Amino acid sequence: MFVSSILRRQQQQQNRRLLQKCFFSNNSKTMNRQKLRLFDKVLIANRGEIACRIIRTCQALEIPTVAVYSEADVGSLHVQMADESYLIGTGPSASDSYLLQDDILDLCLSRLCQSSSGGSSSSNSRIAIHPGYGFLSENADFAQAVQASDDNGSITFIGPPPKAIEVMGSKSLSKQLMQDAGVPTTPGYHGTNQDSQYLFEQARDVVGFPVLIKAVSGGGGKGMRLVWKEGDF
């Protein structure tokens, strides 16, 4: 365990040096490093291990971090690691805390932007929201709201553009997009005709068994069914 912790610490230090080398010149002074910094603060709209990983990366890049947390996570590691932390909602479920889009945006606009710019909302403070994975990371409306929330462009959504999130949220749209771009895809049917007999004919005559049936949206593999032969369709 002791050797393992030393090796892990050495690896973390090496990763920190590599990240800093990518973003900062070796001889730059503190002022220059401040100018080269991508953001003044990064708010992580998530919890647990993913939030901790983002915070560690920001620390390596010398970017201050902001954590949000529910009452259930008040003592969590990501709250302790961040430079600032704010209670977001009071409920134990994510829908009552980490998924409160308006509250997260309001926190950025009313507190973070002004504190980074000395109290002036018109200053060029640069706040970023990192959604991690899950929660708001695949929410196109939230990404769009971040873009539209501030006329000064001082808040950045770290992630794909809203249109990409919207398209990738639908398995049929995303697959069609890849096919239109000439990207090889697994043979299958993802059209609008969802008649049972028509789907059976597609599976039998076009795709061929076995086939995998899955919902056009959702995640985690919920509802997937493997069909080995015609009689089980």
# chains A, B, ... in the order shown; residues from 1 in each chain; ligands from 1

$ closest_atom_pairs --of "region 79-136 of chain A" --to "region 55-60 of chain A" --cutoff "12 Å" --atoms "only C-alpha atoms" --output "JSON lines"
{"residue": "A:Val79", "atom": "CA", "partner": "A:Ile55", "partner_atom": "CA", "distance": 10.0}
{"residue": "A:Gln80", "atom": "CA", "partner": "A:Ile55", "partner_atom": "CA", "distance": 10.5}
{"residue": "A:Met81", "atom": "CA", "partner": "A:Ile55", "partner_atom": "CA", "distance": 7.2}
{"residue": "A:Ala82", "atom": "CA", "partner": "A:Ile55", "partner_atom": "CA", "distance": 6.6}
{"residue": "A:Asp83", "atom": "CA", "partner": "A:Ile55", "partner_atom": "CA", "distance": 9.2}
{"residue": "A:Glu84", "atom": "CA", "partner": "A:Ile55", "partner_atom": "CA", "distance": 11.2}
{"residue": "A:Ala128", "atom": "CA", "partner": "A:Cys58", "partner_atom": "CA", "distance": 11.4}
{"residue": "A:His130", "atom": "CA", "partner": "A:Ile55", "partner_atom": "CA", "distance": 10.2}
{"residue": "A:Gly132", "atom": "CA", "partner": "A:Ile55", "partner_atom": "CA", "distance": 10.7}

$ atom_distance --atom1 "CA of Ala215 (chain A)" --atom2 "CA of Pro162 (chain A)"
21.8 Å

$ closest_residue --among "A:His190, A:Gln144, A:Arg37, A:Phe233" --to "Val211 (chain A)" --atoms "only C-alpha atoms"
A:Phe233

$ closest_residue --among "A:Leu136, A:Leu212, A:Val167, A:Leu77" --to "Glu49 (chain A)" --atoms "only C-alpha atoms"
A:Leu77

$ closest_residue --among "A:Glu62, A:Asp73, A:Asp106, A:Asp96" --to "Ser149 (chain A)" --atoms "only C-alpha atoms"
A:Asp106

$ residues_around --residues "Asn46 (chain A)" --least-positions-apart "4" --cutoff "8 Å" --atoms "only C-alpha atoms" --output "list in words"
Ile50, Ala51, Ala67, Val68, Tyr69, Tyr98, Pro131, Gly132, Tyr133 and Phe135 of chain A

$ write_last_selection --atoms "N, CA, C and O atoms" --output "tab-separated table (two decimals), in the first residue's frame"
chain	number	residue	atom	x	y	z
A	50	ILE	N	-16.33	11.84	-10.39
A	50	ILE	CA	-16.15	12.67	-11.59
A	50	ILE	C	-15.84	14.11	-11.21
A	50	ILE	O	-14.99	14.76	-11.82
A	51	ALA	N	-16.51	14.62	-10.17
A	51	ALA	CA	-16.24	15.98	-9.72
A	51	ALA	C	-14.82	16.10	-9.19
A	51	ALA	O	-14.12	17.09	-9.46
A	67	ALA	N	-17.69	23.95	-6.26
A	67	ALA	CA	-18.52	22.75	-6.12
A	67	ALA	C	-19.93	23.15	-5.72
A	67	ALA	O	-20.14	24.15	-5.03
A	68	VAL	N	-20.89	22.38	-6.20
A	68	VAL	CA	-22.26	22.49	-5.70
A	68	VAL	C	-22.59	21.17	-5.02
A	68	VAL	O	-22.02	20.13	-5.36
A	69	TYR	N	-23.49	21.21	-4.05
A	69	TYR	CA	-23.78	20.00	-3.31
A	69	TYR	C	-25.19	20.05	-2.74
A	69	TYR	O	-25.77	21.12	-2.54
A	98	TYR	N	-28.86	18.66	-8.04
A	98	TYR	CA	-27.90	18.76	-9.14
A	98	TYR	C	-28.55	18.99	-10.50
A	98	TYR	O	-27.87	19.37	-11.45
A	131	PRO	N	-20.36	19.88	-16.64
A	131	PRO	CA	-21.44	19.03	-16.13
A	131	PRO	C	-21.01	17.63	-15.72
A	131	PRO	O	-21.82	16.87	-15.19
A	132	GLY	N	-19.73	17.28	-15.96
A	132	GLY	CA	-19.29	15.92	-15.67
A	132	GLY	C	-19.94	14.95	-16.63
A	132	GLY	O	-20.05	15.22	-17.82
A	133	TYR	N	-20.39	13.79	-16.11
A	133	TYR	CA	-21.19	12.90	-16.96
A	133	TYR	C	-22.49	12.58	-16.24
A	133	TYR	O	-22.59	12.69	-15.02
A	135	PHE	N	-26.41	13.43	-15.23
A	135	PHE	CA	-27.04	14.68	-14.80
A	135	PHE	C	-27.31	15.60	-15.99
A	135	PHE	O	-28.09	15.27	-16.87

$ residues_around --residues "region 154-160 of chain A" --least-positions-apart "2" --cutoff "8 Å" --atoms "only C-alpha atoms" --output "PyMOL selection string"
chain A and resi 108+113+124-131+137+143+146-147+149-152+162+164-165

$ write_last_selection --atoms "N, CA and C atoms" --output "PDB file, in the first residue's frame"
ATOM      1  N   CYS A 108     -24.065  31.191 -11.029  1.00  0.00           N
ATOM      2  CA  CYS A 108     -22.980  31.713 -11.869  1.00  0.00           C
ATOM      3  C   CYS A 108     -23.148  33.201 -12.147  1.00  0.00           C
ATOM      4  N   CYS A 113     -19.755  35.295 -11.339  1.00  0.00           N
ATOM      5  CA  CYS A 113     -19.275  36.281 -12.305  1.00  0.00           C
ATOM      6  C   CYS A 113     -18.885  37.573 -11.617  1.00  0.00           C
ATOM      7  N   ASN A 124     -14.998  41.274 -17.859  1.00  0.00           N
ATOM      8  CA  ASN A 124     -14.728  40.095 -18.658  1.00  0.00           C
ATOM      9  C   ASN A 124     -14.327  38.901 -17.796  1.00  0.00           C
ATOM     10  N   SER A 125     -15.110  38.586 -16.793  1.00  0.00           N
ATOM     11  CA  SER A 125     -14.851  37.391 -16.008  1.00  0.00           C
ATOM     12  C   SER A 125     -15.222  36.175 -16.851  1.00  0.00           C
ATOM     13  N   ARG A 126     -14.509  35.103 -16.643  1.00  0.00           N
ATOM     14  CA  ARG A 126     -14.704  33.902 -17.462  1.00  0.00           C
ATOM     15  C   ARG A 126     -15.034  32.728 -16.549  1.00  0.00           C
ATOM     16  N   ILE A 127     -16.306  32.387 -16.497  1.00  0.00           N
ATOM     17  CA  ILE A 127     -16.781  31.288 -15.675  1.00  0.00           C
ATOM     18  C   ILE A 127     -17.182  30.142 -16.595  1.00  0.00           C
ATOM     19  N   ALA A 128     -16.823  28.932 -16.224  1.00  0.00           N
ATOM     20  CA  ALA A 128     -17.207  27.762 -17.008  1.00  0.00           C
ATOM     21  C   ALA A 128     -18.000  26.799 -16.139  1.00  0.00           C
ATOM     22  N   ILE A 129     -18.943  26.111 -16.769  1.00  0.00           N
ATOM     23  CA  ILE A 129     -19.711  25.071 -16.097  1.00  0.00           C
ATOM     24  C   ILE A 129     -19.342  23.734 -16.720  1.00  0.00           C
ATOM     25  N   HIS A 130     -18.832  22.835 -15.892  1.00  0.00           N
ATOM     26  CA  HIS A 130     -18.507  21.484 -16.357  1.00  0.00           C
ATOM     27  C   HIS A 130     -19.563  20.537 -15.788  1.00  0.00           C
ATOM     28  N   PRO A 131     -20.359  19.883 -16.638  1.00  0.00           N
ATOM     29  CA  PRO A 131     -21.439  19.032 -16.129  1.00  0.00           C
ATOM     30  C   PRO A 131     -21.007  17.630 -15.718  1.00  0.00           C
ATOM     31  N   SER A 137     -25.122  16.675 -18.321  1.00  0.00           N
ATOM     32  CA  SER A 137     -24.142  16.613 -19.403  1.00  0.00           C
ATOM     33  C   SER A 137     -24.771  16.283 -20.750  1.00  0.00           C
ATOM     34  N   ALA A 143     -27.401  23.204 -21.973  1.00  0.00           N
ATOM     35  CA  ALA A 143     -26.274  23.770 -22.724  1.00  0.00           C
ATOM     36  C   ALA A 143     -26.697  25.028 -23.469  1.00  0.00           C
ATOM     37  N   VAL A 146     -27.126  27.918 -20.987  1.00  0.00           N
ATOM     38  CA  VAL A 146     -25.846  28.496 -20.581  1.00  0.00           C
ATOM     39  C   VAL A 146     -25.369  29.494 -21.633  1.00  0.00           C
ATOM     40  N   GLN A 147     -25.479  29.105 -22.894  1.00  0.00           N
ATOM     41  CA  GLN A 147     -25.047  29.995 -23.973  1.00  0.00           C
ATOM     42  C   GLN A 147     -25.868  31.277 -24.014  1.00  0.00           C
ATOM     43  N   SER A 149     -27.547  32.644 -21.471  1.00  0.00           N
ATOM     44  CA  SER A 149     -27.764  33.246 -20.157  1.00  0.00           C
ATOM     45  C   SER A 149     -27.067  34.577 -19.952  1.00  0.00           C
ATOM     46  N   ASP A 150     -26.010  34.815 -20.733  1.00  0.00           N
ATOM     47  CA  ASP A 150     -25.215  36.015 -20.472  1.00  0.00           C
ATOM     48  C   ASP A 150     -24.818  36.668 -21.785  1.00  0.00           C
ATOM     49  N   ASP A 151     -25.244  37.909 -21.972  1.00  0.00           N
ATOM     50  CA  ASP A 151     -24.940  38.629 -23.206  1.00  0.00           C
ATOM     51  C   ASP A 151     -23.452  38.877 -23.384  1.00  0.00           C
ATOM     52  N   ASN A 152     -22.709  38.912 -22.282  1.00  0.00           N
ATOM     53  CA  ASN A 152     -21.272  39.191 -22.371  1.00  0.00           C
ATOM     54  C   ASN A 152     -20.456  37.960 -22.747  1.00  0.00           C
ATOM     55  N   PRO A 162     -25.056  22.513 -28.126  1.00  0.00           N
ATOM     56  CA  PRO A 162     -26.403  21.985 -27.871  1.00  0.00           C
ATOM     57  C   PRO A 162     -26.936  21.109 -28.999  1.00  0.00           C
ATOM     58  N   ALA A 164     -25.359  19.184 -31.085  1.00  0.00           N
ATOM     59  CA  ALA A 164     -24.729  17.855 -31.052  1.00  0.00           C
ATOM     60  C   ALA A 164     -25.324  17.000 -29.938  1.00  0.00           C
ATOM     61  N   ILE A 165     -25.564  17.611 -28.775  1.00  0.00           N
ATOM     62  CA  ILE A 165     -26.172  16.869 -27.666  1.00  0.00           C
ATOM     63  C   ILE A 165     -27.574  16.407 -28.044  1.00  0.00           C
TER      64      ILE A 165
END

$ atom_distance --atom1 "CA of Glu71 (chain A)" --atom2 "CA of Asp103 (chain A)"
15.0 Å
